[in-house]
Amino acid sequence: MNTGSGTTTYSAKQLGRVRDLLARLHAVRRAAQFYPSDHPAVSEGTAELREVIDKFHAEGVDVSVALFEGEVLFGEQSMPQESILFDQLIREITSLGVGSLEISRGYRPEELERAVAILASDTLDVEQHGGIERMASEAGLSYVRLGAVRAFERLEEGEFDAERARESYEGAVELVREIDDIVRRNRAIGGGRIKSVVRGLVDNVVASREAMLELTGLKSHDEYTFYHSANVAILSLALGSAITDDYRFLSSLGVGALLHDLGKMTVDLEILNKPGALTPEEWAEVRNHSVSGARTAARIRGLDKSAIVIILEHHMRYDGSGYPARTPKRPQHLASRIVAVADAYDAMTSRRSYSAARVHDEAMELLVRSAGTALDPALVRLFVSMMGVYPPRSVVRLSDGATAIVLRPNAHDPLRPVVRVIADGDGAMLSEPVEIDLGAGGGPDIVRCLDPADLNIDIDGYVL
Ligand SMILES: [Fe+2]
């Protein structure tokens with residue numbers, strides 16, 4: 001996995017310099033597009049860029065910029081304003097296939113000149129040279145690194161450790177349970193443990209997204225909040241890792257997703273579990289959980305700032321409404337938009353005191369209907385294609401009348417997952433359930449989803 005040069009945390013003063021860095025990069029790149037490399041406009045532009053890079057280096061930190069989906073990250077910090085200001089630069093560089101730019105201490109000025117020349121090329125040039133990484137290695141870049149936008153390399157079948165994945169999931173549930181206890185007793189939470197638990201989740205989701213998604217089907221009515229938090233973290237990481245392999249982004253996303261409902265831990269349980277309508281005061285208290293959660297998170301030492309943004313923004317809506325209100329209107333952070341999709345899906349498919357769980361295809365349909373209003377339509381599309389129409393643990397009726405439980409999605413055909421047949425066409429339970437890969441062809445089709453509550457089936461007994 002490409003984790004870059006590791007996590008760098010920058011000071012506020014250093015973050016304030018990012019705008020200048022990007023402005024100079026933009027200027028020299030433009031100059032290099034119009035003039036030959038020995039033209040004064042290019043050499044002066046490069047010298048000006050070096051000036052700001054050298055300030056970071058003089059303070060003992062490397063320069064690390066990551067780009068994805070139109071957003072800039074500096075170190076582990078997302079830069080929402082710079083993402084808007086330098087939208088064109090980001091789009092152009094990303095379209096070349098560049099996902100990150102790192103400049104380490106000890107670089108030579110010639111290296112930076114060569115990197116600028118690469119960044120000034122057009123997409124056709126890059127294609128003809130066999131991609132950005134090839135160009136960078138041919139240019140002999142070592143202290144200046146241009147990283148490609150790319151998907152994670154998947155582990156080969158069998159390398160994924162199901163036991164370890166399960167432990168990582170249980171570890172996340174346990175952590176949320178502990179945090180709940182700490183928050184209720186008003187004690188301080190440590191950031192280190194949170195990061196290490198999330199690191200395990202990221203590694204496992206990256207190693208085997210499908211197998212981790214299977215675990216998110218675990219729901220506990222009694223411990224809804226804990227399981228829901230772990231599920232939202234895994235669903236968010238699965239969606240996030242389909243967009244970028246930037247470890248820093250995924251790590252903050254995982255932390256923010258796992259802690260998104262931190263503020264609910266201080267809301268009265270009677271209000272949270274109230275079956276009827278809430279009074280205006282109760283509703284105000286519930287709505288306040290994103291702000292109070294972000295406040296609690298801000299006090300956790302060593303927590304990424306973008307994780308706090310996620311907690312604050314997870315009930316904002318794509319169309320600018322939601323809570324807390326944004327004045328003036330500004331876009332919701334990409335990571336918050338991801339968590340909003342994961343949160344909506346997991347909440348709909350869980351049974352709570354006041355509502356029954358929806359079957360998966362119904363939940364998918366509701367997600368699609370919220371696309372463009374509550375949720376980011378591009379993310380909803382990606383989520384639906386990732387989960388398949390029949391996610392793990394769905395109970396389905398097959399075209400031969402048999403009943404089956406979905407085990408894992410089929411990457412090539414969302415309509416034909418791998419299932420375990422548990423009852424034949426006459427409804428008689430099989431003593432030996434049979435696993436079928438519907439994607440292998442020749443087998444029956446899925447006709448529809450069934451509500452497991454109507455069937456009295458112990459899904460865990462068949463899936464685990
Ligand atoms: Fe929430």
# chains A, B, ... in the order shown; residues from 1 in each chain; ligands from 1

call {"tool": "residues_near_ligand", "arguments": {"ligand": "ligand 1", "cutoff": "7 Å", "atoms": "only C-alpha atoms and all ligand atoms", "output": "ChimeraX atom specification"}}
result
/A:260-261,289-290,314-315

call {"tool": "closest_atom_pairs", "arguments": {"of": "segment 55-116 of chain A", "to": "segment 240-250 of chain A", "cutoff": "10 Å", "atoms": "only C-alpha atoms", "output": "CSV"}}
result
residue,atom,partner,partner_atom,distance
A:Ala66,CA,A:Asp246,CA,7.6
A:Leu67,CA,A:Asp246,CA,8.9
A:Phe68,CA,A:Thr244,CA,6.7
A:Glu69,CA,A:Ile243,CA,7.7
A:Leu73,CA,A:Phe249,CA,8.0
A:Phe74,CA,A:Arg248,CA,9.9
A:Gly75,CA,A:Arg248,CA,7.6
A:Glu76,CA,A:Arg248,CA,5.4
A:Gln77,CA,A:Phe249,CA,8.6
A:Ser78,CA,A:Phe249,CA,8.4
A:Gly99,CA,A:Asp246,CA,8.5
A:Ser100,CA,A:Asp246,CA,8.7

call {"tool": "write_last_selection", "arguments": {"atoms": "N, CA and C atoms", "output": "compact mmCIF listing (two decimals), in the first residue's frame"}}
result
# COMPACT_ATOMS: atom_id res chain seq x y z
N ALA A 66 -1.67 16.20 -1.37
CA ALA A 66 -2.41 15.12 -2.03
C ALA A 66 -3.67 15.70 -2.66
N LEU A 67 -4.03 15.17 -3.80
CA LEU A 67 -5.21 15.66 -4.52
C LEU A 67 -6.14 14.51 -4.82
N PHE A 68 -7.42 14.71 -4.66
CA PHE A 68 -8.36 13.70 -5.13
C PHE A 68 -9.74 14.33 -5.17
N GLU A 69 -10.53 13.88 -6.12
CA GLU A 69 -11.92 14.33 -6.20
C GLU A 69 -12.04 15.82 -5.99
N LEU A 73 -5.33 18.03 0.06
CA LEU A 73 -4.93 17.73 1.42
C LEU A 73 -3.48 18.15 1.57
N PHE A 74 -3.18 18.82 2.67
CA PHE A 74 -1.79 19.15 2.95
C PHE A 74 -1.42 18.38 4.20
N GLY A 75 -0.49 17.43 4.08
CA GLY A 75 -0.27 16.50 5.18
C GLY A 75 -1.57 15.76 5.38
N GLU A 76 -2.06 15.73 6.60
CA GLU A 76 -3.33 15.04 6.81
C GLU A 76 -4.51 16.02 6.90
N GLN A 77 -4.22 17.25 6.59
CA GLN A 77 -5.23 18.29 6.76
C GLN A 77 -5.94 18.61 5.45
N SER A 78 -7.25 18.52 5.43
CA SER A 78 -7.93 18.91 4.20
C SER A 78 -8.00 20.43 4.15
N GLY A 99 -1.73 12.18 -8.31
CA GLY A 99 -2.55 12.19 -7.10
C GLY A 99 -1.83 12.80 -5.92
N SER A 100 -0.51 12.93 -6.00
CA SER A 100 0.21 13.53 -4.88
C SER A 100 1.54 14.13 -5.34

call {"tool": "residues_around", "arguments": {"residues": "Asp451 of chain A", "least_positions_apart": "3", "cutoff": "8 Å", "atoms": "only C-alpha atoms", "output": "list in words"}}
result
Arg358, Val359, Val395, Asp454 and Leu455 of chain A

call {"tool": "residues_around", "arguments": {"residues": "segment 293-301 of chain A", "least_positions_apart": "6", "cutoff": "8 Å", "atoms": "only C-alpha atoms", "output": "MDAnalysis selection string"}}
result
chainID A and resid 188:191 260:264 308:309 311:312

call {"tool": "closest_atom_pairs", "arguments": {"of": "segment 78-178 of chain A", "to": "segment 332-349 of chain A", "cutoff": "12 Å", "atoms": "only C-alpha atoms", "output": "CSV"}}
result
residue,atom,partner,partner_atom,distance
A:Ser78,CA,A:His333,CA,8.7
A:Met79,CA,A:His333,CA,9.7
A:Pro80,CA,A:His333,CA,7.3
A:Gln81,CA,A:His333,CA,10.7
A:Ser83,CA,A:His333,CA,10.3
A:Ile84,CA,A:His333,CA,11.4

call {"tool": "residues_around", "arguments": {"residues": "Asp203 of chain A", "least_positions_apart": "2", "cutoff": "10 Å", "atoms": "only C-alpha atoms", "output": "list of chain:residue names"}}
result
A:Met1, A:Ala165, A:Ser168, A:Val198, A:Arg199, A:Gly200, A:Leu201, A:Val205, A:Val206, A:Ala207, A:Ser208, A:Arg209, A:Leu237, A:Tyr247, A:Leu250, A:Ser251

call {"tool": "residues_around", "arguments": {"residues": "Val18 of chain A", "least_positions_apart": "5", "cutoff": "10 Å", "atoms": "only C-alpha atoms", "output": "CSV table (one decimal) with N, CA and C atoms, in the first residue's frame"}}
result
chain,number,residue,atom,x,y,z
A,13,LYS,N,0.5,28.0,11.1
A,13,LYS,CA,1.3,29.0,10.3
A,13,LYS,C,1.7,28.3,9.0
A,23,ALA,N,-0.4,28.8,-5.3
A,23,ALA,CA,-0.4,29.9,-6.3
A,23,ALA,C,0.9,29.9,-7.1
A,24,ARG,N,2.0,29.7,-6.4
A,24,ARG,CA,3.3,29.7,-7.1
A,24,ARG,C,3.4,28.5,-8.0
A,52,VAL,N,9.2,29.2,-1.3
A,52,VAL,CA,8.2,28.8,-0.2
A,52,VAL,C,8.4,27.4,0.2
A,53,ILE,N,8.9,26.5,-0.7
A,53,ILE,CA,9.2,25.1,-0.3
A,53,ILE,C,10.3,25.1,0.8
A,63,VAL,N,7.3,18.8,2.3
A,63,VAL,CA,6.0,19.3,1.7
A,63,VAL,C,5.3,18.1,1.1
A,65,VAL,N,1.6,17.3,-0.6
A,65,VAL,CA,0.2,17.7,-1.1
A,65,VAL,C,-0.4,16.5,-1.7
A,72,VAL,N,-7.9,19.3,-2.0
A,72,VAL,CA,-6.5,19.3,-1.6
A,72,VAL,C,-6.3,18.9,-0.2
A,73,LEU,N,-5.3,18.0,0.1
A,73,LEU,CA,-4.9,17.7,1.4
A,73,LEU,C,-3.5,18.2,1.6
A,74,PHE,N,-3.2,18.8,2.7
A,74,PHE,CA,-1.8,19.2,2.9
A,74,PHE,C,-1.4,18.4,4.2
A,79,MET,N,-8.0,21.0,3.0
A,79,MET,CA,-7.9,22.4,2.8
A,79,MET,C,-9.1,22.9,2.0
A,82,GLU,N,-8.7,26.2,-0.1
A,82,GLU,CA,-7.7,26.1,-1.2
A,82,GLU,C,-8.3,25.2,-2.3

call {"tool": "atom_distance", "arguments": {"atom1": "atom CA of Ala404 of chain A", "atom2": "atom CA of Ala423 of chain A"}}
result
6.9 Å

call {"tool": "closest_atom_pairs", "arguments": {"of": "segment 181-297 of chain A", "to": "segment 322-326 of chain A", "cutoff": "8 Å", "atoms": "only C-alpha atoms", "output": "tab-separated table"}}
result
residue	atom	partner	partner_atom	distance
A:Arg287	CA	A:Tyr323	CA	7.1
A:Asn288	CA	A:Pro324	CA	7.8
A:Ser290	CA	A:Pro324	CA	7.5
A:Val291	CA	A:Pro324	CA	7.3

call {"tool": "residues_around", "arguments": {"residues": "segment 27-32 of chain A", "least_positions_apart": "6", "cutoff": "7 Å", "atoms": "only C-alpha atoms", "output": "ChimeraX atom specification"}}
result
/A:41-42,45-46,116-117,119-120

call {"tool": "select_by_dssp", "arguments": {"residues": "segment 72-255 of chain A", "states": "helix (DSSP H, G or I)", "output": "number ranges by chain"}}
result
A: 80-85, 87-95, 109-119, 123-128, 132-138, 162-184, 191-207, 209-215, 224-243, 247-255

call {"tool": "closest_residue", "arguments": {"among": "A:Val421, A:Leu366, A:Leu430, A:Leu218", "to": "Asp460 of chain A", "atoms": "only C-alpha atoms"}}
result
A:Leu218
